[in-house]
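File shown: query-v3.txt. Contents: compact mmCIF, C-alpha atoms.
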# COMPACT_ATOMS: atom_id res chain seq x y z
CA MET A 109 -42.58 -27.85 38.42
CA ASN A 110 -42.47 -24.85 36.13
CA LYS A 111 -39.04 -24.72 34.46
CA ALA A 112 -39.76 -21.55 32.51
CA PRO A 113 -37.93 -18.47 33.78
CA ILE A 114 -39.70 -15.45 35.22
CA ILE A 115 -40.26 -12.84 32.52
CA ILE A 116 -40.03 -9.24 33.76
CA LEU A 117 -40.59 -6.29 31.44
CA VAL A 118 -38.70 -3.20 32.58
CA PRO A 119 -38.65 -0.05 30.43
CA SER A 120 -35.21 1.55 30.48
CA ARG A 121 -36.55 5.03 29.77
CA GLU A 122 -39.66 7.03 30.61
CA ILE A 123 -41.32 6.44 27.25
CA ASP A 124 -44.93 5.33 26.88
CA THR A 125 -44.74 1.61 26.11
CA VAL A 126 -48.51 1.10 26.33
CA ARG A 127 -49.77 3.21 23.43
CA PRO A 128 -50.72 1.20 20.30
CA LEU A 129 -47.88 0.70 17.86
CA LEU A 130 -49.13 -1.01 14.66
CA GLY A 131 -51.93 -2.80 16.44
CA ILE A 132 -50.28 -3.70 19.75
CA SER A 133 -48.13 -1.89 22.29
CA LEU A 134 -44.39 -2.27 22.78
CA THR A 135 -45.03 -3.97 26.12
CA GLU A 136 -47.42 -6.51 24.57
CA ARG A 137 -45.03 -7.18 21.67
CA ALA A 138 -42.09 -7.87 23.99
CA ALA A 139 -44.22 -10.02 26.32
CA VAL A 140 -45.55 -12.29 23.58
CA ILE A 141 -42.22 -12.78 21.79
CA VAL A 142 -40.17 -13.52 24.92
CA ALA A 143 -42.79 -15.57 26.75
CA ARG A 144 -43.46 -17.77 23.73
CA TYR A 145 -39.77 -18.41 23.23
CA PHE A 146 -39.11 -19.42 26.83
CA GLY A 147 -42.39 -21.32 27.15
CA ALA A 148 -43.78 -19.05 29.85
CA GLU A 149 -47.47 -18.33 30.33
CA LYS A 150 -46.98 -15.13 32.36
CA ALA A 151 -45.03 -11.93 31.96
CA TYR A 152 -44.67 -9.39 34.75
CA ALA A 153 -44.90 -5.71 33.82
CA PRO A 154 -44.99 -3.56 37.00
CA HIS A 155 -45.35 -0.38 34.96
CA LEU A 156 -48.81 -1.40 33.71
CA GLU A 157 -51.95 -0.07 35.37
CA ARG A 158 -53.84 -3.37 35.27
CA SER A 159 -53.37 -7.07 34.56
CA TYR A 160 -54.94 -8.73 31.52
CA LEU A 161 -54.62 -11.62 29.08
CA PHE A 162 -53.10 -10.96 25.66
CA ARG A 163 -52.63 -13.62 22.95
CA GLY A 164 -52.61 -16.36 25.56
CA ILE A 165 -49.97 -14.63 27.71
CA GLU A 166 -51.00 -13.27 31.11
CA LEU A 167 -49.63 -9.76 31.60
CA LEU A 168 -49.41 -9.06 35.34
CA ALA A 169 -49.11 -5.49 36.64
CA GLU A 170 -47.08 -6.51 39.67
CA PHE A 171 -43.61 -7.54 40.72
CA PRO A 172 -43.06 -11.32 41.05
CA ARG A 173 -41.60 -13.34 43.86
CA ILE A 174 -38.12 -14.22 42.64
CA ASP A 175 -37.56 -17.95 43.14
CA ARG A 176 -35.96 -19.03 39.85
CA PRO A 177 -33.95 -17.54 36.97
CA VAL A 178 -35.22 -14.21 35.69
CA VAL A 179 -35.27 -12.90 32.13
CA ILE A 180 -35.24 -9.10 32.18
CA VAL A 181 -36.48 -7.53 28.95
CA ASP A 182 -36.61 -3.91 27.90
CA PRO A 183 -39.85 -3.43 25.89
CA LEU A 184 -38.12 -0.54 24.11
CA LEU A 185 -35.94 -3.14 22.39
CA VAL A 186 -37.98 -4.02 19.28
CA PHE A 187 -37.38 -7.27 17.43
CA ASP A 188 -38.88 -8.26 14.10
CA GLY A 189 -40.26 -11.54 15.42
CA ARG A 190 -37.27 -13.88 15.00
CA PHE A 191 -35.78 -12.69 18.28
CA VAL A 192 -33.99 -15.05 20.64
CA ARG A 193 -34.28 -17.90 18.15
CA ASN A 194 -31.10 -16.47 16.63
CA LEU A 195 -29.01 -16.39 19.83
CA THR A 196 -25.64 -17.81 18.85
CA VAL A 197 -24.60 -18.99 22.31
CA ASN A 198 -26.28 -20.61 25.26
CA PHE A 199 -28.44 -18.14 27.17
CA ASP A 200 -28.18 -19.70 30.62
CA ALA A 201 -27.88 -17.43 33.65
CA PRO A 202 -26.04 -15.26 34.19
CA ALA A 203 -25.99 -13.94 30.61
CA VAL A 204 -26.49 -10.60 28.93
CA ALA A 205 -27.44 -10.27 25.26
CA CYS A 206 -25.25 -7.86 23.34
CA ASP A 207 -24.94 -6.40 19.89
CA PRO A 208 -22.82 -8.75 17.75
CA THR A 209 -20.70 -5.86 16.44
CA THR A 210 -20.16 -3.57 19.42
CA LEU A 211 -20.83 -6.14 22.20
CA GLU A 212 -22.88 -3.44 23.91
CA PRO A 213 -25.76 -4.70 26.12
CA ILE A 214 -29.06 -4.15 24.34
CA GLY A 215 -31.65 -4.73 27.06
CA LEU A 216 -32.02 -8.48 27.44
CA ALA A 217 -30.57 -10.47 30.34
CA ARG A 218 -31.07 -13.80 32.05
CA LEU A 219 -29.98 -13.65 35.69
CA LEU A 220 -30.26 -15.67 38.87
CA PRO A 221 -32.00 -14.22 41.97
CA GLU A 222 -28.69 -13.47 43.67
CA HIS A 223 -27.62 -11.28 40.74
CA LEU A 224 -30.49 -8.82 41.17
CA PRO A 225 -30.03 -5.62 43.19
CA ASP A 226 -31.83 -5.33 46.52
CA ASP A 227 -33.89 -2.32 45.42
CA PHE A 228 -34.98 -3.81 42.08
CA ALA A 229 -38.66 -4.11 43.00
CA GLU A 230 -38.84 -0.54 44.30
CA ALA A 231 -37.39 1.10 41.17
CA PRO A 232 -40.35 1.94 38.88
CA TRP A 233 -38.08 3.07 36.02
CA PHE A 234 -35.17 0.73 36.44
CA HIS A 235 -32.43 1.59 33.96
CA ILE A 236 -31.76 -1.84 32.64
CA ARG A 237 -29.04 -0.78 30.21
CA GLU A 238 -26.99 0.92 32.94
CA PHE A 239 -27.41 -2.12 35.15
CA LEU A 240 -26.30 -4.48 32.40
CA LEU A 241 -23.22 -2.39 31.78
CA ARG A 242 -22.25 -3.03 35.40
CA ARG A 243 -22.75 -6.79 35.13
CA GLN A 244 -19.07 -7.65 34.93
CA ASP A 245 -19.64 -11.25 36.05
CA ALA A 246 -22.27 -12.01 33.39
CA ARG A 247 -21.34 -13.91 30.25
CA ILE A 248 -21.88 -12.23 26.90
CA ALA A 249 -24.56 -13.81 24.71
CA VAL A 250 -24.17 -12.46 21.19
CA ILE A 251 -27.54 -12.01 19.55
CA ALA A 252 -27.69 -12.22 15.77
CA ALA A 253 -31.31 -11.15 15.38
CA ARG A 254 -32.14 -7.77 13.91
CA TYR A 255 -33.49 -5.21 16.34
CA PHE A 256 -34.39 -1.56 16.79
CA VAL A 257 -33.83 0.41 20.01
CA VAL A 258 -36.30 3.16 20.97
CA ARG A 259 -34.16 5.74 22.77
CA HIS A 260 -36.48 8.74 22.45
CA ALA A 261 -40.18 9.28 21.82
CA SER A 262 -39.28 10.48 18.32
CA ASP A 263 -37.94 6.98 17.56
CA LEU A 264 -41.42 5.43 17.69
CA GLY A 265 -41.97 6.26 14.03
CA GLY A 266 -38.69 4.56 13.22
CA ALA A 267 -39.81 1.47 15.13
CA GLU A 268 -42.97 1.34 13.01
CA ASN A 269 -40.94 1.59 9.81
CA TYR A 270 -38.59 -1.12 11.04
CA LEU A 271 -41.45 -3.50 11.77
CA LEU A 272 -43.10 -2.78 8.41
CA ARG A 273 -39.87 -3.43 6.51
CA SER A 274 -39.51 -6.77 8.26
CA LEU A 275 -42.82 -8.03 6.84
CA VAL A 276 -41.30 -9.27 3.57
CA HIS A 277 -42.05 -12.99 3.41
CA LYS A 278 -39.38 -15.41 2.24
CA GLY A 279 -41.89 -16.99 -0.15
CA ASP A 280 -42.77 -13.72 -1.92
CA ASP A 281 -42.43 -13.76 -5.69
CA ILE A 282 -40.73 -10.90 -7.56
CA VAL A 283 -44.03 -9.08 -8.26
CA GLU A 284 -45.23 -9.33 -4.68
CA ARG A 285 -41.89 -8.29 -3.20
CA ASN A 286 -41.33 -5.23 -5.42
CA LEU A 287 -44.84 -4.00 -6.33
CA THR A 288 -47.71 -5.23 -4.18
CA ARG A 289 -45.84 -5.45 -0.88
CA PRO A 290 -44.81 -1.73 -0.76
CA VAL A 291 -48.47 -0.72 -1.32
CA SER A 292 -49.86 -3.27 1.13
CA ARG A 293 -47.53 -2.07 3.88
CA ILE A 294 -49.05 1.41 3.60
CA ILE A 295 -52.54 -0.05 4.07
CA THR A 296 -51.33 -2.26 6.92
CA ALA A 297 -49.77 0.70 8.74
CA TRP A 298 -52.98 2.70 8.32
CA THR A 299 -55.35 -0.02 9.54
CA ALA A 300 -53.27 -1.99 12.08
CA ASN A 301 -54.28 0.13 15.08
CA TYR A 302 -57.96 -0.51 14.32
CA ARG A 303 -57.41 -4.18 15.24
CA VAL A 304 -59.05 -5.57 12.11
CA ASP A 305 -59.21 -9.37 12.09
CA PRO A 306 -56.83 -10.62 9.35
CA ARG A 307 -59.43 -13.14 8.21
CA LEU A 308 -61.72 -10.27 7.20
CA TRP A 309 -59.01 -9.06 4.82
CA THR A 310 -58.74 -12.58 3.39
CA LEU A 311 -62.48 -12.79 2.77
CA LEU A 312 -62.42 -9.35 1.16
CA VAL A 313 -59.66 -10.55 -1.20
CA MET A 314 -61.82 -13.48 -2.28
CA PHE A 315 -64.89 -11.27 -2.71
CA VAL A 316 -63.08 -8.68 -4.85
CA GLY A 317 -61.36 -11.31 -7.00
CA ILE A 318 -64.52 -13.30 -7.65
CA ALA A 319 -66.37 -10.04 -8.41
CA ALA A 320 -63.74 -9.24 -11.06
CA ALA A 321 -64.14 -12.70 -12.58
CA CYS A 322 -67.94 -12.41 -12.65
CA MET A 323 -67.83 -8.96 -14.26
CA LEU A 324 -65.39 -10.28 -16.85
CA PHE A 325 -67.67 -13.18 -17.75
CA LEU A 326 -70.84 -11.07 -17.85
CA THR A 327 -69.39 -8.17 -19.85
CA GLY A 328 -66.79 -9.98 -21.92
CA ALA A 329 -64.62 -6.85 -21.70
CA THR A 330 -61.25 -8.57 -21.58
CA GLU A 331 -59.48 -5.31 -22.36
CA SER A 332 -61.10 -3.48 -19.43
CA VAL A 333 -58.57 -1.73 -17.20
CA THR A 334 -61.21 -1.58 -14.45
CA LEU A 335 -61.38 -5.36 -14.20
CA ALA A 336 -57.59 -5.58 -14.17
CA LEU A 337 -57.50 -2.99 -11.37
CA LEU A 338 -59.93 -5.08 -9.33
CA LEU A 339 -57.50 -7.98 -9.61
CA CYS A 340 -54.67 -5.69 -8.51
CA VAL A 341 -56.71 -4.60 -5.49
CA ALA A 342 -57.24 -8.25 -4.58
CA ALA A 343 -53.49 -8.91 -5.00
CA VAL A 344 -52.56 -6.04 -2.69
CA LEU A 345 -55.12 -7.00 -0.04
CA SER A 346 -53.89 -10.60 -0.13
CA SER A 347 -50.65 -9.28 1.39
CA VAL A 348 -52.40 -7.10 3.98
CA ASP A 349 -53.98 -10.04 5.80
CA GLY A 350 -50.66 -11.81 6.37
CA GLU A 351 -48.89 -8.62 7.38
CA THR A 352 -51.60 -7.76 9.89
CA ALA A 353 -51.53 -11.28 11.32
CA ARG A 354 -47.74 -11.26 11.77
CA LEU A 355 -47.68 -7.76 13.25
CA THR A 356 -50.35 -8.53 15.83
CA PHE A 357 -49.40 -12.18 16.55
CA GLN A 358 -52.62 -13.59 15.12
CA THR A 359 -51.03 -16.12 12.77
CA SER A 360 -52.69 -19.53 12.83
CA ARG A 361 -52.95 -22.62 10.71
CA GLY A 362 -56.60 -21.83 9.96
CA GLY A 363 -55.74 -18.34 8.79
CA GLY A 364 -52.95 -19.68 6.58
CA VAL A 365 -55.25 -22.24 4.99
CA LEU A 366 -57.96 -19.63 4.40
CA ASN A 367 -55.46 -17.23 2.80
CA TYR A 368 -53.99 -19.99 0.62
CA TYR A 369 -57.34 -21.09 -0.77
CA ALA A 370 -58.75 -17.55 -1.14
CA SER A 371 -55.89 -16.52 -3.44
CA ARG A 372 -56.13 -19.73 -5.48
CA ILE A 373 -59.92 -19.40 -5.83
CA VAL A 374 -59.47 -15.89 -7.26
CA VAL A 375 -56.94 -17.08 -9.86
CA TRP A 376 -59.04 -20.11 -10.72
CA SER A 377 -62.27 -18.12 -11.12
CA TYR A 378 -60.56 -15.52 -13.34
CA PHE A 379 -59.01 -18.24 -15.49
CA LEU A 380 -62.35 -20.06 -15.79
CA ALA A 381 -64.13 -16.84 -16.82
CA LEU A 382 -61.54 -16.25 -19.56
CA THR A 383 -61.85 -19.85 -20.73
CA LEU A 384 -65.63 -19.67 -21.03
CA LEU A 385 -65.31 -16.58 -23.24
CA LEU A 386 -63.24 -18.46 -25.85
CA ARG A 387 -66.25 -19.83 -27.73
CA ASP A 388 -64.64 -19.04 -31.10
CA ALA A 389 -61.63 -21.27 -30.33
CA PRO A 390 -62.99 -24.66 -29.17
CA PRO A 391 -59.56 -26.41 -28.89
CA VAL A 392 -58.20 -23.64 -26.66
CA GLN A 393 -61.41 -23.61 -24.65
CA TRP A 394 -61.27 -27.35 -24.07
CA CYS A 395 -57.64 -27.12 -22.93
CA GLY A 396 -58.63 -24.31 -20.57
CA LEU A 397 -61.51 -26.35 -19.16
CA ILE A 398 -59.24 -29.33 -18.57
CA PHE A 399 -56.74 -27.12 -16.75
CA SER A 400 -59.60 -25.58 -14.75
CA VAL A 401 -60.41 -29.06 -13.48
CA VAL A 402 -56.82 -30.13 -12.81
CA TYR A 403 -55.66 -26.95 -11.08
CA PRO A 404 -57.95 -27.22 -8.00
CA LEU A 405 -56.88 -30.85 -7.55
CA LEU A 406 -53.21 -29.83 -7.54
CA VAL A 407 -53.94 -26.98 -5.12
CA VAL A 408 -55.70 -29.30 -2.66
CA ARG A 409 -52.99 -31.94 -2.99
CA TYR A 410 -50.23 -29.41 -2.35
CA ASP A 411 -52.05 -27.94 0.66
CA ARG A 412 -52.16 -31.35 2.33
CA TYR A 413 -48.37 -31.56 2.32
CA ARG A 414 -47.89 -27.84 2.93
CA HIS A 415 -49.67 -27.97 6.29
CA GLY A 416 -48.34 -31.36 7.36
CA ALA A 417 -51.55 -33.37 6.99
CA ALA A 418 -49.57 -36.09 5.22
CA ALA A 419 -45.98 -37.10 4.72
CA ARG A 420 -44.09 -35.01 2.20
CA PRO A 421 -44.17 -36.78 -1.19
CA PRO A 422 -41.03 -37.64 -3.16
CA ARG A 423 -39.73 -35.08 -5.64
CA SER A 424 -41.75 -36.53 -8.48
CA PRO A 425 -42.75 -34.61 -11.65
CA LEU A 426 -46.21 -34.06 -10.14
CA ARG A 427 -44.68 -32.59 -6.99
CA ARG A 428 -42.50 -30.27 -9.07
CA LEU A 429 -45.53 -29.22 -11.11
CA GLU A 430 -47.30 -28.30 -7.87
CA GLN A 431 -44.34 -26.15 -6.81
CA ALA A 432 -44.16 -24.47 -10.20
CA LEU A 433 -47.86 -23.62 -10.19
CA ARG A 434 -47.62 -22.24 -6.68
CA ARG A 435 -44.70 -19.98 -7.55
CA HIS A 436 -45.75 -18.63 -10.94
CA PHE A 437 -49.51 -19.08 -11.11
CA SER A 438 -50.13 -16.52 -8.37
CA ILE A 439 -52.67 -13.74 -8.00
CA HIS A 440 -49.85 -11.18 -7.98
CA ALA A 441 -48.35 -12.23 -11.31
CA VAL A 442 -51.77 -12.61 -12.93
CA ALA A 443 -52.97 -9.20 -11.69
CA LEU A 444 -49.86 -7.38 -12.94
CA SER A 445 -50.03 -9.07 -16.34
CA ALA A 446 -53.75 -8.30 -16.67
CA LEU A 447 -53.20 -4.64 -15.82
CA LEU A 448 -50.29 -4.12 -18.22
CA LEU A 449 -51.85 -5.94 -21.18
CA ALA A 450 -55.27 -4.38 -20.67
CA ALA A 451 -53.72 -0.92 -20.42
CA LEU A 452 -51.82 -1.42 -23.67
CA GLY A 453 -55.06 -2.29 -25.45
CA ILE A 454 -53.19 -3.58 -28.51
CA LEU A 455 -55.51 -6.55 -28.94
CA LYS A 456 -59.11 -6.95 -27.96
CA TYR A 457 -58.27 -10.13 -26.11
CA ALA A 458 -54.86 -9.00 -24.88
CA ALA A 459 -55.77 -9.85 -21.30
CA LEU A 460 -56.24 -13.48 -22.36
CA ILE A 461 -52.48 -13.74 -22.65
CA THR A 462 -51.95 -13.17 -18.93
CA LEU A 463 -52.73 -16.63 -17.63
CA PRO A 464 -50.95 -18.53 -20.43
CA LEU A 465 -47.88 -16.43 -19.57
CA ALA A 466 -48.11 -17.58 -15.97
CA ALA A 467 -48.55 -21.17 -17.15
CA VAL A 468 -45.47 -20.89 -19.39
CA GLY A 469 -43.44 -19.67 -16.42
CA ALA A 470 -44.62 -22.70 -14.47
CA LEU A 471 -43.60 -25.04 -17.31
CA VAL A 472 -40.14 -23.45 -17.44
CA VAL A 473 -39.62 -24.15 -13.74
CA LEU A 474 -40.95 -27.67 -14.25
CA GLY A 475 -38.49 -28.27 -17.08
CA GLU A 476 -35.59 -27.04 -14.95
CA ALA A 477 -36.71 -29.32 -12.13
CA LEU A 478 -36.95 -32.37 -14.39
CA PHE A 479 -33.43 -31.82 -15.68
CA GLY A 480 -32.01 -31.29 -12.21
CA ARG A 481 -31.13 -27.62 -12.46
CA MET A 482 -33.28 -26.57 -9.52
CA GLU A 483 -31.74 -26.35 -6.09
CA ARG A 484 -32.32 -29.60 -4.24
CA ARG A 485 -34.43 -29.49 -1.11
CA LYS A 486 -32.45 -30.56 1.92

Same coordinates, now as structure tokens:
Amino acid sequence: MNKAPIIILVPSREIDTVRPLLGISLTERAAVIVARYFGAEKAYAPHLERSYLFRGIELLAEFPRIDRPVVIVDPLLVFDGRFVRNLTVNFDAPAVACDPTTLEPIGLARLLPEHLPDDFAEAPWFHIREFLLRRQDARIAVIAARYFVVRHASDLGGAENYLLRSLVHKGDDIVERNLTRPVSRIITAWTANYRVDPRLWTLLVMFVGIAAACMLFLTGATESVTLALLLCVAAVLSSVDGETARLTFQTSRGGGVLNYYASRIVVWSYFLALTLLLRDAPPVQWCGLIFSVVYPLLVVRYDRYRHGAAARPPRSPLRRLEQALRRHFSIHAVALSALLLAALGILKYAALITLPLAAVGALVVLGEALFGRMERRK
């Protein structure tokens, strides 16, 4: 027996909810978020012209037979993806989700069949907000998630900006959050409606980064701003793939693994190219070659635990070294350092300082971890 509630999408205003908005429509966005949360495989949207399958959710352009609890959703209520996961009270019927500050209904309700009006199926533009305001017998479910309400057609641009601002990842470093992410969001907004596969962006990142490393090794121009700019392009595009995937609900374990290794391959290839150019300093070159061998092993080891292929290891020095390398030895930090030092042009090999700087940052974090000054993982 299917225990999932019936999902019904009902626009509260006569606004086009089918036009593409950053890659997918408002109707599709609401259907995927709500259906995935409640474990439903279907979502009913009577205002659609046809039925189709989207991201594993069947969108049906019809009104359902009401035989179990119903979740009524206004597709003009835009969430950033966290959605009902942040409901602070039980959402059993009858319940209406409200703004935590004003307690005003915001277009999300879970009701039993007997709570629905008799003419519900015949109302093509059912005003869900007005109906919820009249639900005096429904319990209030305070929702703590962030949201954006589209009240007029002019608010669609605001909805796009809201979704783009929500793309900041909790694992972003300071360079990615403040420099590369603002640029990548512009590219994401421009290309999202073209439905580009995020994995193509990931492969482009790897191609551009490896091209920069090859040009560096072949020309030996460590002070070249052009090569540093290529790294910066790769750093920006490495954010575009994740943003596109999250916006269009195409995130997957395979995509995450591909993105993880693509970024690390770029950093590793650039570091190896710099190391091979240090023929006049054999001790430094040997140290660089040793690190070039160790770094991929640490990356592979960390990825095994990152994606749950093995039990999480104890917080040993090696584990802390892996975390430090992941945080500070990133394509974003390396690209910014390469650009700044190459632009200064003070030393011929100024760009060679970039990766040692990242390594020093990793050692600082490692030292803090060894002496117990890092925040303990719960």

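Our summary of the geometry notes that atom CA of A:Leu117 is positioned 23.4 Å from atom CA of A:Ala353.
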
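Straight-line separation from atom CA of A:Val258 to atom CA of A:Thr135: 12.4 Å.
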
For this session: In Å, rounded to a single decimal, give me how far atom CA of A:Ile373 is from atom CA of A:Asn301.
Result: 29.2 Å

For this session: Show me as a PyMOL selection string the residues that reach within 12 Å of (-21.4, -15.6, 32.2), counting only C-alpha atoms and using the file's own coordinates.
Result: chain A and resi 197-205+217-220+223+243-250

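Using all atoms listed in the file, the shortest contact distance between A:Ile236 and any of A:His260, A:Ile180, A:Leu447, A:Leu326 is found at A:Ile180.
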
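Counting all atoms listed in the file, A:Leu397 has the following residues at most 12 Å away, ignoring those fewer than 5 positions along the same chain: Trp376, Ser377, Phe379, Leu380, Ala381, Leu382, Thr383, Leu384, Leu385, Leu386, Arg387, Pro390, Pro391, Val392, Val402, Tyr403 and Pro404 of chain A.
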
Exercise. Using all atoms listed in the file, which residue out of A:Leu366, A:Val283, A:Leu335, A:Trp394 lies closest to A:Leu444?
Worked result: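 Closest residue, counting all atoms listed in the file: A:Val283.
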
Problem set entry | Closest of A:Arg361, A:Lys111, A:Arg237, A:Arg372 to A:Val181 - atom-to-atom distances counting all atoms listed in the file |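 With all atoms listed in the file as the atom set, the closest residue is A:Arg237.
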
For this session: Using all atoms listed in the file, find the one residue out of A:Glu149, A:Pro221, A:Val140, A:Thr209 that sits nearest to A:Val178.
Result: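 The closest residue to A:Val178 is A:Pro221.
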